[in-house]
$ cat structure.txt   # compact mmCIF, C-alpha atoms
# COMPACT_ATOMS: atom_id res chain seq x y z
CA MET A 1 40.29 211.24 135.28
CA SER A 2 42.63 208.30 134.79
CA THR A 3 42.44 207.64 138.53
CA ARG A 4 39.21 205.78 137.85
CA PHE A 5 40.96 203.25 135.63
CA ILE A 6 44.34 202.57 137.20
CA LYS A 7 43.89 200.38 140.25
CA TYR A 8 44.97 202.88 142.89
CA ILE A 9 43.59 202.32 146.40
CA GLU A 10 43.69 205.23 148.78
CA GLY A 11 45.20 204.54 152.14
CA GLU A 12 47.23 205.86 155.02
CA SER A 13 49.78 203.07 155.39
CA SER A 14 53.52 203.64 155.48
CA ILE A 15 53.88 202.30 151.93
CA HIS A 16 51.34 204.83 150.68
CA LYS A 17 53.35 207.63 152.24
CA LEU A 18 56.62 206.56 150.60
CA ASP A 19 58.03 208.64 147.80
CA PRO A 20 57.24 207.02 144.40
CA ARG A 21 60.93 207.38 143.52
CA ALA A 22 61.94 205.18 146.45
CA LYS A 23 59.35 202.57 145.42
CA LEU A 24 60.55 202.59 141.82
CA THR A 25 64.16 202.11 142.97
CA PHE A 26 63.04 199.21 145.15
CA ILE A 27 61.18 197.53 142.25
CA PHE A 28 64.20 198.03 139.99
CA PHE A 29 66.59 196.28 142.37
CA LEU A 30 64.05 193.58 143.20
CA VAL A 31 63.74 192.76 139.49
CA ILE A 32 67.53 192.56 139.17
CA SER A 33 67.88 190.36 142.25
CA LEU A 34 65.07 188.07 141.13
CA SER A 35 66.59 187.68 137.69
CA LEU A 36 69.93 186.70 139.21
CA ALA A 37 68.57 184.38 141.92
CA TYR A 38 68.95 180.86 140.61
CA SER A 39 68.11 178.61 143.55
CA MET A 40 65.14 178.25 145.84
CA SER A 41 67.04 179.36 148.94
CA LEU A 42 67.85 182.64 147.20
CA VAL A 43 64.30 183.21 145.95
CA ILE A 44 62.56 182.71 149.30
CA PRO A 45 64.10 185.81 151.03
CA LEU A 46 63.00 187.92 148.06
CA LEU A 47 59.51 186.46 148.27
CA LEU A 48 59.41 187.32 151.98
CA ILE A 49 60.59 190.87 151.22
CA SER A 50 57.90 191.42 148.62
CA LEU A 51 55.28 189.84 150.90
CA ALA A 52 56.32 192.23 153.67
CA PHE A 53 56.15 195.11 151.20
CA TYR A 54 52.63 194.04 150.21
CA SER A 55 51.35 193.47 153.75
CA LEU A 56 52.76 196.78 155.01
CA ALA A 57 50.51 198.52 152.50
CA ARG A 58 47.45 197.08 154.34
CA LEU A 59 45.33 196.85 151.21
CA PRO A 60 41.67 195.91 151.80
CA TRP A 61 40.81 192.41 150.62
CA SER A 62 37.58 193.48 148.92
CA LYS A 63 39.49 195.66 146.44
CA THR A 64 42.36 193.28 145.71
CA LYS A 65 40.21 190.18 145.22
CA ALA A 66 40.39 190.31 141.41
CA THR A 67 44.18 190.56 141.48
CA TRP A 68 44.53 187.63 143.84
CA LYS A 69 42.19 185.50 141.73
CA PHE A 70 44.37 186.23 138.72
CA ILE A 71 47.62 185.53 140.58
CA LEU A 72 46.37 182.30 142.15
CA LEU A 73 45.08 181.04 138.80
CA ILE A 74 48.52 181.62 137.26
CA ILE A 75 50.30 179.95 140.15
CA LEU A 76 48.12 176.85 140.08
CA PHE A 77 48.24 176.54 136.33
CA LEU A 78 51.98 177.15 136.02
CA SER A 79 52.97 174.82 138.86
CA LEU A 80 50.96 172.01 137.31
CA LEU A 81 52.40 172.74 133.87
CA ASN A 82 55.96 172.83 135.20
CA TYR A 83 55.46 169.70 137.22
CA THR A 84 54.02 167.64 134.38
CA THR A 85 56.53 168.75 131.75
CA ILE A 86 59.49 168.09 134.02
CA VAL A 87 58.17 164.67 134.93
CA LEU A 88 57.33 163.77 131.32
CA LEU A 89 60.50 165.11 129.72
CA TYR A 90 63.17 164.44 132.25
CA ALA A 91 61.87 161.32 133.97
CA GLU A 92 64.60 158.81 134.76
CA GLY A 93 63.92 155.58 136.55
CA PRO A 94 60.54 154.58 137.94
CA LEU A 95 57.71 157.07 137.57
CA ILE A 96 56.56 157.10 141.19
CA GLU A 97 60.05 157.97 142.36
CA THR A 98 60.43 160.96 140.05
CA LEU A 99 56.94 162.18 140.88
CA THR A 100 57.82 162.65 144.53
CA SER A 101 61.53 163.43 144.32
CA PRO A 102 62.38 166.76 146.02
CA GLU A 103 64.50 167.79 143.02
CA VAL A 104 61.51 167.75 140.67
CA VAL A 105 59.25 169.57 143.11
CA LYS A 106 61.94 172.21 143.64
CA ARG A 107 62.41 172.77 139.93
CA ALA A 108 58.68 173.06 139.42
CA VAL A 109 58.05 175.46 142.31
CA THR A 110 61.03 177.88 142.22
CA PRO A 111 60.06 179.73 139.00
CA VAL A 112 56.52 180.13 140.25
CA LEU A 113 57.78 181.67 143.49
CA LYS A 114 59.87 184.11 141.45
CA LEU A 115 56.86 185.11 139.40
CA LEU A 116 54.80 185.49 142.58
CA SER A 117 57.28 187.87 144.23
CA LEU A 118 57.50 189.96 141.07
CA ALA A 119 53.70 190.13 140.85
CA LEU A 120 53.34 191.09 144.54
CA ALA A 121 55.89 193.89 144.33
CA THR A 122 54.57 195.45 141.12
CA ALA A 123 50.97 195.14 142.31
CA THR A 124 51.87 196.96 145.54
CA LEU A 125 53.49 199.75 143.53
CA VAL A 126 50.41 200.16 141.33
CA PHE A 127 47.94 199.95 144.22
CA THR A 128 49.71 202.47 146.44
CA THR A 129 50.93 205.13 143.98
CA PRO A 130 48.50 207.79 142.76
CA PRO A 131 48.64 207.71 138.92
CA ASN A 132 49.28 211.44 138.72
CA LEU A 133 52.61 211.02 140.52
CA TYR A 134 54.33 208.68 138.04
CA ALA A 135 55.39 211.41 135.62
CA PRO A 136 56.69 213.87 138.29
CA ALA A 137 58.52 211.00 140.00
CA LEU A 138 60.26 209.88 136.82
CA GLY A 139 60.94 213.49 135.83
CA GLN A 140 62.60 214.19 139.16
CA MET A 141 64.65 211.00 138.94
CA GLY A 142 66.62 212.55 136.13
CA ILE A 143 64.70 211.18 133.16
CA PRO A 144 64.23 213.87 130.45
CA TYR A 145 60.94 215.67 131.05
CA LYS A 146 59.75 214.90 127.53
CA ALA A 147 59.91 211.18 128.30
CA ALA A 148 58.10 211.68 131.60
CA TYR A 149 55.49 213.72 129.78
CA VAL A 150 54.68 210.74 127.52
CA ILE A 151 53.35 208.90 130.59
CA GLN A 152 51.37 211.90 131.77
CA LEU A 153 49.76 212.38 128.35
CA ALA A 154 49.05 208.67 127.87
CA LEU A 155 47.27 208.42 131.23
CA ARG A 156 45.26 211.49 130.34
CA TYR A 157 44.10 210.08 127.00
CA ILE A 158 43.07 206.55 128.02
CA PRO A 159 39.61 207.55 129.32
CA GLU A 160 39.23 209.75 126.26
CA PHE A 161 39.76 206.80 123.93
CA ILE A 162 37.47 204.51 125.87
CA ALA A 163 34.78 207.18 125.47
CA GLU A 164 35.71 207.46 121.78
CA MET A 165 35.24 203.70 121.37
CA ASN A 166 31.73 203.92 122.82
CA LYS A 167 30.91 206.87 120.59
CA THR A 168 32.14 205.05 117.46
CA LEU A 169 30.18 201.93 118.38
CA GLU A 170 27.02 203.99 118.79
CA ALA A 171 27.63 205.72 115.44
CA GLN A 172 28.02 202.33 113.77
CA MET A 173 24.85 201.06 115.43
CA ALA A 174 22.94 204.12 114.22
CA ARG A 175 23.93 203.07 110.69
CA GLY A 176 22.52 199.58 111.14
CA PHE A 177 25.45 197.62 112.60
CA ARG A 178 24.18 195.16 115.19
CA PRO A 179 26.94 194.03 117.54
CA ARG A 180 26.15 190.62 118.93
CA GLY A 181 25.95 191.32 122.59
CA GLY A 182 23.87 189.86 125.31
CA ARG A 183 25.41 188.25 128.30
CA ASN A 184 28.17 186.33 126.55
CA PRO A 185 31.39 188.22 127.38
CA ILE A 186 33.29 186.84 124.39
CA ALA A 187 30.62 187.96 121.92
CA ARG A 188 30.68 191.41 123.50
CA LEU A 189 34.45 191.53 123.12
CA ILE A 190 34.35 190.47 119.49
CA SER A 191 32.05 193.42 118.84
CA ILE A 192 35.01 195.69 119.71
CA ILE A 193 37.15 194.42 116.80
CA PRO A 194 35.42 196.54 114.11
CA LEU A 195 36.32 199.58 116.24
CA VAL A 196 40.10 199.12 115.99
CA VAL A 197 40.51 200.81 112.60
CA PRO A 198 38.20 203.86 112.95
CA VAL A 199 39.25 204.73 116.50
CA THR A 200 42.98 204.36 115.71
CA ILE A 201 42.76 206.50 112.59
CA SER A 202 40.79 209.32 114.20
CA ALA A 203 43.17 209.31 117.17
CA THR A 204 46.22 209.36 114.88
CA LEU A 205 44.88 212.33 112.93
CA SER A 206 44.43 214.26 116.17
CA ILE A 207 48.15 213.86 117.03
CA TYR A 208 49.14 216.86 114.91
CA ASP A 209 46.49 219.09 116.46
CA ILE A 210 47.58 218.16 119.98
CA ALA A 211 51.26 218.69 119.10
CA ASP A 212 50.46 222.08 117.56
CA SER A 213 48.54 223.28 120.57
CA MET A 214 51.31 222.10 122.90
CA GLU A 215 53.94 223.90 120.85
CA LEU A 216 51.83 227.04 120.83
CA ARG A 217 51.95 226.94 124.63
CA GLY A 218 55.74 226.64 124.52
CA PHE A 219 56.27 222.91 125.07
CA GLY A 220 59.77 221.82 124.08
CA GLU A 221 61.10 225.34 124.03
CA GLU A 222 63.12 225.18 127.25
CA ARG A 223 65.74 222.57 127.98
CA CYS A 224 64.69 222.09 131.58
CA HIS A 225 61.29 221.83 133.10
CA THR A 226 60.12 222.21 136.69
CA TRP A 227 57.41 220.11 138.25
CA TYR A 228 54.47 221.50 140.13
CA ARG A 229 54.52 218.57 142.56
CA GLU A 230 57.95 218.67 144.09
CA LEU A 231 58.80 215.38 145.79
CA LYS A 232 60.96 215.21 148.87
CA LEU A 233 62.72 212.12 150.19
CA SER A 234 61.94 211.52 153.87
CA SER A 235 64.18 209.44 156.13
CA LYS A 236 61.98 206.36 155.50
CA ASP A 237 62.42 206.79 151.76
CA LYS A 238 66.17 207.05 152.15
CA LEU A 239 66.14 203.88 154.26
CA LEU A 240 64.19 201.99 151.57
CA VAL A 241 66.56 203.25 148.84
CA ALA A 242 69.60 202.19 150.90
CA LEU A 243 68.08 198.76 151.58
CA SER A 244 67.26 198.33 147.88
CA TYR A 245 70.85 199.11 146.92
CA LEU A 246 72.06 196.67 149.58
CA MET A 247 69.74 193.92 148.32
CA GLY A 248 70.86 194.49 144.74
CA ALA A 249 74.53 194.48 145.75
CA ILE A 250 74.17 191.23 147.73
CA TYR A 251 72.47 189.39 144.88
CA ILE A 252 74.91 190.67 142.27
CA ALA A 253 77.84 189.67 144.49
CA LEU A 254 76.36 186.21 145.11
CA PHE A 255 75.78 185.76 141.40
CA ILE A 256 79.35 186.73 140.51
CA MET A 257 80.94 184.69 143.29
CA THR A 258 79.14 181.46 142.41
CA ARG A 259 79.90 181.78 138.72
CA MET B 1 59.57 207.06 109.15
CA LYS B 2 61.81 209.65 110.56
CA ALA B 3 65.32 209.90 111.88
CA VAL B 4 65.70 209.14 115.58
CA SER B 5 66.25 212.75 116.60
CA LYS B 6 63.02 213.82 114.90
CA GLN B 7 61.07 211.24 116.86
CA PHE B 8 61.67 213.32 119.99
CA SER B 9 59.98 216.39 118.52
CA THR B 10 56.68 217.44 120.06
CA THR B 11 54.82 215.47 117.37
CA GLY B 12 56.86 212.38 118.23
CA ILE B 13 56.18 212.79 121.95
CA VAL B 14 52.44 213.14 121.33
CA ALA B 15 52.52 210.16 118.95
CA MET B 16 54.13 208.02 121.67
CA ALA B 17 51.51 209.09 124.19
CA ILE B 18 48.56 208.53 121.83
CA GLY B 19 49.92 205.15 120.73
CA THR B 20 50.37 204.13 124.36
CA ALA B 21 46.89 205.26 125.32
CA LEU B 22 45.25 203.51 122.34
CA TYR B 23 47.13 200.25 122.89
CA ALA B 24 46.30 200.30 126.60
CA ALA B 25 42.62 201.15 126.05
CA PHE B 26 42.11 198.27 123.59
CA ASN B 27 44.19 195.79 125.58
CA VAL B 28 42.04 196.27 128.66
CA PHE B 29 39.18 194.75 126.70
CA PHE B 30 41.19 192.09 124.89
CA ASN B 31 43.02 190.88 127.99
CA VAL B 32 39.85 188.98 128.85
CA LEU B 33 40.14 186.99 125.60
CA GLN B 34 42.84 184.59 126.75
CA LEU B 35 43.79 181.58 124.67
CA PRO B 36 42.83 178.36 126.42
CA GLY B 37 45.74 176.16 127.44
CA THR B 38 48.34 178.90 127.40
CA GLN B 39 49.13 181.11 130.32
CA LEU B 40 48.40 184.79 129.98
CA VAL B 41 48.62 184.79 126.23
CA ALA B 42 45.71 186.89 125.15
CA LEU B 43 44.31 187.07 121.64
CA ARG B 44 44.97 190.67 120.78
CA PRO B 45 43.90 192.21 117.47
CA SER B 46 45.26 195.42 119.01
CA VAL B 47 48.91 194.36 118.42
CA ALA B 48 48.51 196.15 115.11
CA ILE B 49 48.49 199.49 116.97
CA PRO B 50 52.18 199.61 118.04
CA MET B 51 53.14 198.11 114.68
CA PHE B 52 51.22 200.83 112.85
CA PHE B 53 52.73 203.58 115.04
CA GLY B 54 56.18 202.11 114.48
CA TYR B 55 55.69 201.97 110.72
CA VAL B 56 54.30 205.48 110.36
CA PHE B 57 56.14 207.41 113.10
CA GLY B 58 59.39 205.49 113.52
CA PRO B 59 60.86 202.68 115.63
CA VAL B 60 61.22 204.62 118.89
CA VAL B 61 57.56 205.66 118.83
CA GLY B 62 56.57 202.04 118.10
CA PHE B 63 58.68 200.72 120.95
CA VAL B 64 57.35 203.21 123.47
CA SER B 65 53.70 202.62 122.50
CA GLY B 66 54.08 198.87 122.82
CA PHE B 67 56.10 198.96 126.03
CA LEU B 68 54.19 201.59 127.98
CA GLY B 69 50.84 200.50 126.55
CA ASN B 70 51.41 197.01 127.91
CA VAL B 71 52.58 198.28 131.31
CA ILE B 72 49.51 200.48 131.69
CA SER B 73 47.01 197.93 130.42
CA ASP B 74 48.38 195.32 132.83
CA ALA B 75 48.24 197.88 135.63
CA ILE B 76 44.59 198.51 134.77
CA SER B 77 43.43 194.94 134.25
CA TRP B 78 45.00 193.25 137.25
CA GLY B 79 47.29 195.64 139.08
CA GLY B 80 50.92 194.66 138.37
CA PHE B 81 53.19 194.12 135.38
CA TRP B 82 56.03 191.93 134.08
CA TRP B 83 58.91 193.80 132.52
CA ASN B 84 60.08 191.22 129.97
CA TRP B 85 56.63 190.93 128.33
CA ASP B 86 56.54 194.72 128.18
CA VAL B 87 59.87 194.80 126.35
CA GLY B 88 58.59 192.05 124.04
CA ASN B 89 55.55 194.14 123.21
CA GLY B 90 57.83 197.10 122.59
CA LEU B 91 59.81 195.05 120.07
CA LEU B 92 56.52 194.33 118.27
CA GLY B 93 56.36 198.05 117.53
CA LEU B 94 60.07 198.65 117.02
CA ILE B 95 60.65 196.18 114.20
CA PRO B 96 57.99 197.46 111.75
CA GLY B 97 59.57 200.87 112.40
CA LEU B 98 62.73 199.68 110.69
CA ALA B 99 60.81 199.82 107.40
CA TYR B 100 62.47 203.12 106.55
CA ARG B 101 65.65 201.18 105.87
CA PHE B 102 63.97 199.04 103.21
CA VAL B 103 61.44 201.27 101.46
CA SER B 104 61.87 204.77 100.14
CA LYS B 105 59.75 207.63 101.38
CA GLU B 106 57.59 207.62 98.24
CA ASP B 107 56.79 203.93 98.58
CA ILE B 108 55.58 203.80 102.17
CA PHE B 109 51.93 204.22 101.21
CA ARG B 110 52.13 202.02 98.10
CA ALA B 111 51.85 198.26 97.56
CA LYS B 112 55.57 197.70 98.17
CA GLY B 113 55.32 199.47 101.52
CA TYR B 114 52.25 197.45 102.57
CA ILE B 115 53.98 194.17 101.80
CA THR B 116 57.12 195.23 103.72
CA CYS B 117 54.91 196.30 106.59
CA ALA B 118 53.10 192.93 106.71
CA LEU B 119 56.39 191.01 106.56
CA LEU B 120 57.99 193.16 109.25
CA SER B 121 54.94 192.66 111.46
CA ILE B 122 55.50 188.90 111.23
CA VAL B 123 59.21 189.29 112.01
CA GLY B 124 58.33 191.63 114.87
CA SER B 125 55.88 189.13 116.38
CA ILE B 126 58.46 186.36 116.23
CA VAL B 127 61.28 188.46 117.70
CA GLY B 128 59.15 190.24 120.31
CA MET B 129 57.29 187.24 121.62
CA GLY B 130 60.45 185.14 121.34
CA PHE B 131 62.24 187.62 123.56
CA ALA B 132 59.43 187.57 126.13
CA ALA B 133 58.96 183.79 126.17
CA TYR B 134 62.64 182.88 126.33
CA THR B 135 63.54 185.52 128.92
CA ASP B 136 60.77 183.91 130.99
CA TYR B 137 62.74 180.69 130.64
CA ILE B 138 66.25 182.15 131.09
CA PHE B 139 65.39 184.10 134.23
CA GLY B 140 63.00 181.40 135.41
CA TYR B 141 59.84 183.50 135.69
CA GLY B 142 57.15 180.90 136.14
CA ILE B 143 58.40 178.23 133.75
CA SER B 144 61.34 175.91 134.02
CA THR B 145 61.80 174.05 130.72
CA ILE B 146 62.59 175.34 127.26
CA GLU B 147 59.90 173.11 125.72
CA GLU B 148 57.31 174.85 127.84
CA ALA B 149 58.59 178.25 126.76
CA THR B 150 58.19 177.18 123.14
CA TYR B 151 54.83 175.43 123.21
CA ALA B 152 52.98 177.23 126.00
CA LEU B 153 54.21 180.78 125.43
CA PHE B 154 56.16 181.45 122.27
CA LEU B 155 54.17 179.59 119.59
CA PRO B 156 50.64 180.67 120.62
CA ALA B 157 51.70 184.28 121.21
CA ALA B 158 53.84 184.65 118.10
CA VAL B 159 51.38 182.94 115.74
CA THR B 160 48.30 184.89 116.85
CA ASP B 161 50.21 188.17 116.94
CA ALA B 162 51.75 187.53 113.52
CA ILE B 163 48.35 186.77 111.97
CA ASN B 164 46.65 189.75 113.59
CA GLY B 165 49.56 192.07 112.84
CA ALA B 166 50.11 191.03 109.24
CA ILE B 167 46.43 191.49 108.38
CA ILE B 168 45.40 194.53 110.42
CA THR B 169 48.58 196.67 110.21
CA PRO B 170 48.53 197.16 106.39
CA ILE B 171 44.79 197.91 106.65
CA LEU B 172 45.52 200.58 109.25
CA VAL B 173 48.35 202.04 107.18
CA ALA B 174 46.17 202.14 104.06
CA ALA B 175 43.28 203.73 105.97
CA TYR B 176 45.65 206.30 107.45
CA ALA B 177 47.13 207.07 104.02
CA SER B 178 43.73 207.84 102.54
CA ALA B 179 42.52 209.71 105.62
CA ALA B 180 45.64 211.88 105.75
CA LYS B 181 45.68 212.60 102.03
CA GLY B 182 45.28 216.29 101.31
CA ARG B 183 45.82 217.37 104.90
CA ALA B 184 48.72 219.72 105.35
CA ARG B 185 51.87 218.61 107.21
CA ARG B 186 50.71 215.00 107.59
CA ILE B 187 53.27 212.40 106.60

$ encode --input "structure.txt" --output "structure tokens"
Amino acid sequence: MSTRFIKYIEGESSIHKLDPRAKLTFIFFLVISLSLAYSMSLVIPLLLISLAFYSLARLPWSKTKATWKFILLIILFLSLLNYTTIVLLYAEGPLIETLTSPEVVKRAVTPVLKLLSLALATATLVFTTPPNLYAPALGQMGIPYKAAYVIQLALRYIPEFIAEMNKTLEAQMARGFRPRGGRNPIARLISIIPLVVPVTISATLSIYDIADSMELRGFGEERCHTWYRELKLSSKDKLLVALSYLMGAIYIALFIMTR
Amino acid sequence: MKAVSKQFSTTGIVAMAIGTALYAAFNVFFNVLQLPGTQLVALRPSVAIPMFFGYVFGPVVGFVSGFLGNVISDAISWGGFWWNWDVGNGLLGLIPGLAYRFVSKEDIFRAKGYITCALLSIVGSIVGMGFAAYTDYIFGYGISTIEEATYALFLPAAVTDAINGAIITPILVAAYASAAKGRARRI
């Protein structure tokens, strides 16, 4: 059911076929490398890697349009913000000179490139991994199955709560509450605020019933837990994992050596 | 307000999952309400949800609901996620969970508990959003000056979250206290 909400796009590309565990390892090391990369020449290879990762997934433009709009808006806005604050705060000498100096442009653009590579990599992970594989993948990576089960349960309950919100809104309307709606998106959003308290409380009260029924079926009894979907690492997955480790090692070494 | 080991009981696991799902479901709607002039800082009355789960079920539950809820809602609304904002949202839920160190078990659903809860929500907003905004600066994710981190990210996020949290969290706790009254085994 949650498949409808998480932005998963079905496909046959090589990234789609990768084991989610390999992709998670890749994201982990990419985040580490990005956090340690301090200069533009170190960020650009990472950006190219995440761009390659994204383009290998061959995602259709029509379904990723919203994401790109969001990313481009952030990039434009942040670059301008960076540029103006650096110029205003750290300007030395004549204004025209600082405006065009390569140092300023570099300082304004590098963080945005970092953010862009992070966004590309995580978006590819979300777009190419079926939501029902996150919990088995984490469970088979050695994370305790109870922790992996939190993700599984949460994904299962999101559609339930969205339905519950609609139901509560209708119940309130039947009692005379008129949410200001119409075409204004902000007014429609504000009409959700009165739902926060009733929906949260009814959901919280149901926790004990869910926990009871899970315990009655034996959840938490055994120390280990097997997964119905058993994941296997193919040679491509192993290659990606090895490359991720290599990338992480290079960036950590560079960071330590230049310290 | 339980010891850490008890938070990993079946009830704790379900509480984490329900908190995550609630926070994600509300955030998907509120993510559209972004504050003008600040990047990505959305006005979220739903921040009270991880705070409430932290206060009632313990710090670990609060952290997980905030962290995972933010990851999932970002994955739903645009497709990716940023880890340091997720940790920041987790801290929003973790800090009200520390209430069990300040108030006794009898007081959690009384006036003293509500005041502690409101104060901790404010502290949580400052610490959580501070972590997110300044890690953005330290690791250079998108911004390059500390002034920007303060005025464009930290202040708008922390102030709106503190106001929303300090008002809505005690209301949620009070509503929960009266709804759970008389039911067996409820805290």

$ closest_residue --input "structure.txt" --among "A:Leu125, A:Gly220, A:Leu113, A:Ile210" --to "Ser41 in chain A" --atoms "only C-alpha atoms"
A:Leu113

$ atom_distance --input "structure.txt" --atom1 "CA of Pro111 in chain A" --atom2 "CA of Leu72 in chain A"
14.3 Å

$ residues_around --input "structure.txt" --residues "Phe8 in chain B" --least-positions-apart "5" --cutoff "9 Å" --atoms "only C-alpha atoms" --output "number ranges by chain"
A: 146-147; B: 13, 60-61

$ residues_around --input "structure.txt" --residues "Leu18 in chain A" --least-positions-apart "2" --cutoff "6 Å" --atoms "all atoms listed in the file" --output "ChimeraX atom specification"
/A:15-16,237

$ write_last_selection --input "structure.txt" --atoms "C-alpha atoms" --output "CSV table (one decimal), in the frame of the given file"
chain,number,residue,atom,x,y,z
A,15,ILE,CA,53.9,202.3,151.9
A,16,HIS,CA,51.3,204.8,150.7
A,237,ASP,CA,62.4,206.8,151.8

$ interface_residues --input "structure.txt" --of "chain A" --to "chain B" --cutoff "6 Å" --atoms "all atoms listed in the file" --output "PyMOL selection string"
chain A and resi 6-7+35+67+111-112+114-115+119+122-123+126+150+153-154+157-158+201+211

$ residues_around --input "structure.txt" --residues "Arg223 in chain A" --least-positions-apart "3" --cutoff "12 Å" --atoms "all atoms listed in the file" --output "ChimeraX atom specification"
/A:144-146,218-220,226

$ atom_distance --input "structure.txt" --atom1 "CA of Ser125 in chain B" --atom2 "CA of Asp161 in chain B"
5.8 Å

$ atom_distance --input "structure.txt" --atom1 "CA of Pro131 in chain A" --atom2 "CA of Glu10 in chain A"
11.3 Å

$ residues_around --input "structure.txt" --residues "Val127 in chain B" --least-positions-apart "6" --cutoff "9 Å" --atoms "all atoms listed in the file" --output "list in words"
Gly88, Leu91, Leu92, Ile95 and Ala158 of chain B

$ write_last_selection --input "structure.txt" --atoms "C-alpha atoms" --output "compact mmCIF listing (two decimals), in the frame of the given file"
# COMPACT_ATOMS: atom_id res chain seq x y z
CA GLY B 88 58.59 192.05 124.04
CA LEU B 91 59.81 195.05 120.07
CA LEU B 92 56.52 194.33 118.27
CA ILE B 95 60.65 196.18 114.20
CA ALA B 158 53.84 184.65 118.10

$ residues_around --input "structure.txt" --residues "Leu155 in chain B" --least-positions-apart "6" --cutoff "9 Å" --atoms "all atoms listed in the file" --output "compact mmCIF listing (two decimals) with C-alpha atoms, in the coordinates of the input"
# COMPACT_ATOMS: atom_id res chain seq x y z
CA ILE B 126 58.46 186.36 116.23
CA MET B 129 57.29 187.24 121.62
CA GLY B 130 60.45 185.14 121.34
CA ALA B 149 58.59 178.25 126.76

$ closest_residue --input "structure.txt" --among "A:Lys23, A:His225, A:Arg156, A:Arg178" --to "Pro136 in chain A" --atoms "all atoms listed in the file"
A:His225

$ closest_residue --input "structure.txt" --among "B:Asn164, B:Leu98, B:Tyr134, B:Ile108" --to "Ile146 in chain B" --atoms "all atoms listed in the file"
B:Tyr134

$ axis_aligned_box --input "structure.txt" --around "range 109-127 of chain A" --padding-each-side "4 Å" --output "AutoDock Vina command-line options"
--center_x 54.5 --center_y 187.8 --center_z 142.3 --size_x 21.1 --size_y 32.7 --size_z 14.5
